[in-house]
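Q: Got a structure for you, work.tsv, holding TSV, C-alpha atoms.
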```
chain	number	residue	atom	x	y	z
Y	49	MET	CA	16.84	-0.01	-3.50
Y	50	ASP	CA	19.33	2.75	-4.20
Y	51	GLN	CA	22.20	0.39	-3.47
Y	52	LEU	CA	21.86	-1.35	-6.80
Y	53	ASN	CA	24.48	-1.01	-9.52
Y	54	ASN	CA	23.61	0.02	-13.09
Y	55	ARG	CA	22.85	-3.42	-14.43
Y	56	GLU	CA	20.79	-4.24	-11.42
Y	57	GLN	CA	18.93	-0.95	-11.77
Y	58	GLN	CA	18.09	-1.90	-15.36
Y	59	GLU	CA	16.87	-5.32	-14.39
Y	60	PHE	CA	14.90	-3.83	-11.54
Y	61	GLN	CA	13.27	-1.37	-13.91
Y	62	GLN	CA	11.91	-4.27	-15.97
Y	63	LEU	CA	10.55	-5.81	-12.82
Y	64	VAL	CA	8.87	-2.53	-11.92
Y	65	GLU	CA	7.18	-2.39	-15.32
Y	66	GLN	CA	5.82	-5.92	-14.95
Y	67	LYS	CA	4.52	-5.10	-11.51
Y	68	GLN	CA	2.94	-1.89	-12.73
Y	69	MET	CA	0.92	-3.88	-15.23
Y	70	LYS	CA	-0.21	-6.24	-12.48
Y	71	ASP	CA	-1.03	-3.35	-10.16
Y	72	PHE	CA	-3.07	-1.70	-12.83
Y	73	MET	CA	-5.11	-4.84	-13.41
Y	74	ARG	CA	-5.64	-5.22	-9.71
Y	75	LEU	CA	-6.72	-1.61	-9.32
Y	76	TYR	CA	-9.10	-1.98	-12.20
Y	77	SER	CA	-10.75	-5.14	-10.94
Y	78	SER	CA	-11.11	-3.83	-7.42
Y	79	LEU	CA	-12.69	-0.66	-8.80
Y	80	VAL	CA	-15.22	-2.68	-10.76
Y	81	GLN	CA	-15.96	-4.85	-7.75
Y	82	ARG	CA	-16.33	-1.94	-5.34
Y	83	CYS	CA	-18.51	0.17	-7.60
Y	84	PHE	CA	-20.64	-2.75	-8.72
Y	85	THR	CA	-21.25	-3.70	-5.09
Y	86	ASP	CA	-22.15	-0.14	-4.11
Y	87	CYS	CA	-24.23	0.77	-7.17
Y	88	VAL	CA	-25.93	-2.33	-8.49
Y	89	ASN	CA	-28.40	-4.02	-6.17
Y	90	ASP	CA	-31.45	-4.52	-8.29
Y	91	PHE	CA	-31.75	-7.61	-10.47
Y	92	THR	CA	-35.21	-7.23	-11.89
Y	93	SER	CA	-33.61	-6.39	-15.23
Y	94	LYS	CA	-30.48	-7.56	-16.98
Y	95	ALA	CA	-29.58	-4.10	-18.23
Y	96	LEU	CA	-27.99	-1.39	-16.12
Y	97	SER	CA	-30.52	1.29	-15.26
Y	98	SER	CA	-29.61	4.90	-15.94
Y	99	ARG	CA	-29.36	5.45	-12.22
Y	100	GLU	CA	-26.94	2.56	-11.86
Y	101	GLU	CA	-24.93	3.83	-14.79
Y	102	SER	CA	-24.58	7.29	-13.38
Y	103	CYS	CA	-23.69	5.83	-9.98
Y	104	LEU	CA	-20.92	3.73	-11.61
Y	105	GLU	CA	-19.57	6.82	-13.34
Y	106	LYS	CA	-19.41	8.84	-10.16
Y	107	CYS	CA	-18.12	5.93	-8.16
Y	108	SER	CA	-15.20	5.28	-10.49
Y	109	GLU	CA	-14.38	8.97	-10.71
Y	110	LYS	CA	-14.32	9.16	-6.96
Y	111	PHE	CA	-12.35	5.93	-6.64
Y	112	LEU	CA	-9.64	7.25	-8.96
Y	113	LYS	CA	-9.46	10.59	-7.19
Y	114	HIS	CA	-9.22	8.79	-3.91
Y	115	SER	CA	-6.30	6.64	-5.05
Y	116	GLU	CA	-4.61	9.70	-6.50
Y	117	ARG	CA	-4.86	11.57	-3.21
Y	118	VAL	CA	-3.74	8.58	-1.18
Y	119	GLY	CA	-0.82	8.20	-3.58
Y	120	GLN	CA	0.28	11.79	-3.02
Y	121	ARG	CA	0.08	11.55	0.76
Y	122	PHE	CA	1.79	8.17	0.65
Y	123	GLN	CA	4.71	9.59	-1.28
Y	124	GLU	CA	5.08	12.47	1.15
Y	125	GLN	CA	5.04	10.18	4.14
Y	126	ASN	CA	7.43	7.76	2.57
Y	127	ALA	CA	9.87	10.52	1.59
Y	128	ALA	CA	9.77	11.89	5.13
Y	129	LEU	CA	10.46	8.43	6.46
Y	130	MET	CA	13.43	7.92	4.12
Y	131	GLN	CA	14.95	11.21	5.21
Y	132	LYS	CA	14.74	10.25	8.87
Y	133	ARG	CA	16.84	7.14	8.24
K	20	MET	CA	28.58	-8.81	4.45
K	21	SER	CA	28.94	-10.11	0.92
K	22	LEU	CA	26.38	-7.53	-0.14
K	23	TYR	CA	28.83	-4.73	0.41
K	24	SER	CA	32.10	-6.50	-0.28
K	25	MET	CA	31.05	-6.76	-3.92
K	26	GLY	CA	30.90	-3.01	-4.12
K	27	MET	CA	28.36	-0.89	-5.92
K	28	ASN	CA	30.54	-0.25	-8.97
K	29	SER	CA	30.56	-3.93	-9.81
K	30	GLN	CA	28.37	-4.64	-12.82
K	31	GLU	CA	27.49	-8.18	-11.77
K	32	VAL	CA	23.82	-8.80	-11.09
K	33	ASP	CA	23.63	-10.09	-7.55
K	34	PRO	CA	20.49	-12.21	-7.11
K	35	ALA	CA	20.41	-11.62	-3.37
K	36	ARG	CA	20.45	-7.87	-3.82
K	37	MET	CA	17.82	-8.06	-6.53
K	38	GLN	CA	15.63	-10.13	-4.25
K	39	MET	CA	15.98	-7.63	-1.43
K	40	ALA	CA	15.01	-4.80	-3.77
K	41	GLU	CA	12.02	-6.79	-4.98
K	42	LEU	CA	10.91	-7.55	-1.45
K	43	GLU	CA	11.22	-3.92	-0.52
K	44	MET	CA	9.06	-2.90	-3.45
K	45	GLU	CA	6.51	-5.59	-2.67
K	46	SER	CA	6.17	-4.57	0.93
K	47	LEU	CA	5.68	-0.97	-0.13
K	48	THR	CA	3.02	-2.00	-2.65
K	49	ALA	CA	1.27	-4.11	-0.04
K	50	LEU	CA	1.26	-1.22	2.39
K	51	PHE	CA	-0.10	1.12	-0.24
K	52	ASP	CA	-2.83	-1.33	-1.22
K	53	SER	CA	-4.10	-1.99	2.27
K	54	LEU	CA	-3.83	1.68	3.13
K	55	MET	CA	-5.88	2.69	0.12
K	56	ASN	CA	-8.60	0.12	0.73
K	57	THR	CA	-8.78	0.88	4.42
K	58	CYS	CA	-8.96	4.64	4.05
K	59	ARG	CA	-11.51	4.31	1.31
K	60	SER	CA	-13.86	2.29	3.44
K	61	LYS	CA	-13.31	4.64	6.38
K	62	CYS	CA	-13.60	7.94	4.51
K	63	ILE	CA	-15.71	7.44	1.37
K	64	PRO	CA	-19.36	6.61	2.03
K	65	ALA	CA	-20.96	4.15	-0.35
K	66	GLU	CA	-23.26	6.68	-1.96
K	67	TYR	CA	-22.24	8.59	-5.00
K	68	GLY	CA	-24.13	11.86	-5.33
K	69	GLU	CA	-21.12	13.26	-7.12
K	70	GLY	CA	-17.78	12.12	-8.44
K	71	GLU	CA	-15.77	14.72	-6.57
K	72	ILE	CA	-14.16	14.13	-3.24
K	73	ASN	CA	-15.58	16.72	-0.87
K	74	LYS	CA	-13.74	18.75	1.74
K	75	GLY	CA	-14.56	16.48	4.66
K	76	GLU	CA	-13.56	13.39	2.71
K	77	SER	CA	-10.21	14.91	1.68
K	78	VAL	CA	-9.38	15.85	5.24
K	79	CYS	CA	-10.37	12.37	6.35
K	80	ILE	CA	-8.12	10.77	3.69
K	81	ASP	CA	-5.12	12.92	4.63
K	82	ARG	CA	-5.45	12.09	8.30
K	83	CYS	CA	-6.17	8.46	7.58
K	84	VAL	CA	-2.96	8.05	5.53
K	85	ASN	CA	-0.94	9.76	8.27
K	86	LYS	CA	-2.39	7.62	10.98
K	87	TYR	CA	-2.05	4.41	9.00
K	88	PHE	CA	1.63	5.16	8.48
K	89	THR	CA	2.14	5.90	12.14
K	90	ALA	CA	0.24	2.78	13.18
K	91	ASN	CA	2.38	0.77	10.77
K	92	LEU	CA	5.58	2.11	12.31
K	93	LYS	CA	4.25	1.65	15.82
K	94	ILE	CA	3.39	-1.99	15.25
K	95	GLY	CA	6.75	-2.51	13.51
K	96	GLN	CA	8.41	-1.17	16.63
K	97	ILE	CA	6.39	-3.53	18.82
K	98	PHE	CA	7.49	-6.46	16.65
K	99	ARG	CA	11.13	-5.36	16.87
K	100	ASP	CA	10.88	-4.92	20.63
K	101	LYS	CA	9.53	-8.41	21.02
K	102	GLY	CA	11.97	-9.84	18.54
K	103	ILE	CA	9.29	-11.37	16.35
K	104	THR	CA	10.90	-12.53	13.09
K	105	PRO	CA	9.60	-14.31	9.97
K	106	GLY	CA	11.21	-17.43	11.41
K	107	ASP	CA	8.71	-17.48	14.24
K	108	THR	CA	6.34	-20.19	13.07
K	109	GLN	CA	4.29	-19.90	16.20
K	110	MET	CA	4.34	-16.18	15.88
K	111	ILE	CA	0.89	-15.54	17.25
K	112	GLN	CA	1.35	-17.61	20.37
K	113	ASN	CA	4.80	-16.14	20.90
K	114	ALA	CA	3.48	-12.66	20.42
K	115	SER	CA	0.75	-13.04	22.99
K	116	SER	CA	3.05	-14.53	25.60
K	117	LYS	CA	5.71	-11.93	24.86
K	118	TYR	CA	3.07	-9.26	25.06
K	119	ALA	CA	2.33	-10.19	28.65
K	120	ALA	CA	6.05	-9.90	29.42
K	121	HIS	CA	6.33	-6.67	27.48
K	122	GLU	CA	3.47	-4.95	29.26
K	123	SER	CA	5.16	-5.15	32.65
K	124	THR	CA	8.40	-3.65	31.32
K	125	ASP	CA	6.77	-1.09	29.05
K	126	ALA	CA	8.53	2.15	29.83
K	127	SER	CA	10.29	3.00	26.56
K	128	ASP	CA	8.93	5.78	24.33
```
Please, can you express the file's structure as structure tokens?
A:
Amino acid sequence: MDQLNNREQQEFQQLVEQKQMKDFMRLYSSLVQRCFTDCVNDFTSKALSSREESCLEKCSEKFLKHSERVGQRFQEQNAALMQKR
Amino acid sequence: MSLYSMGMNSQEVDPARMQMAELEMESLTALFDSLMNTCRSKCIPAEYGEGEINKGESVCIDRCVNKYFTANLKIGQIFRDKGITPGDTQMIQNASSKYAAHESTDASD
């Protein structure tokens, strides 16, 4: 990726921004799916119970912290790998 | 190769080079995605007493990411050793027959 010239870098940057938007949407929908699956199992009412709500809150907090931590470790590993090349 | 003969100072946008860069980014994103989902199901239990990641979970995540990376490299190496390429339409069959051949000569690293 670092072998691109300036114009290519610019074009690539646009691509990255588009992908970031897509990634964000994907992260969001998988968060909703995961936390809904783990927290909401009772369908005797159409409203979220307070227990379900608090579970969703904690679940999404944890989900985000998890992806943050994985992101950090991922970057470290990837940087180490690039240096070895 | 034409990739390099053009030179990096050229300001032409080379579609082939752009495509390579895009592929590289996509493969990295795919790795990150599967890694995150896998380590989440392995390290984060589906009960949410609190929103924080506890000590044990953090250690698990760190090790999981490390191991996933290593496993990824390891399997990449196996593919290279066997010469499995995207052109292999019957990749699975090839892989299993090559695996039998590989096992008997498996002495490297």
Q: What does the distance between atom CA of K:Glu71 and atom CA of Y:Glu105 come to in Å, to one decimal place?
A: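 Rounded to one decimal, the two atoms are 11.1 Å apart.
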Q: Within 8 Å of chain K, which residues belong to chain Y? Use all atoms listed in the file and report them as number ranges by chain.
A: Y: 49, 51-56, 60, 86-87, 103, 105-110, 113-115, 117-119, 121-122, 125
Q: Quick one: of K:Lys61, K:Ser53, K:Asn91, K:Ile103, who's nearest to Y:Leu129, counting only C-alpha atoms?
A: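 For Y:Leu129, the nearest of the candidates is K:Asn91.
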Q: Using only C-alpha atoms, find the one residue out of Y:Glu65, Y:Glu101, Y:Glu124, Y:Glu59 that sits nearest to Y:Phe84.
A: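 Of Y:Glu65, Y:Glu101, Y:Glu124, Y:Glu59, the one nearest Y:Phe84, counting only C-alpha atoms, is Y:Glu101.
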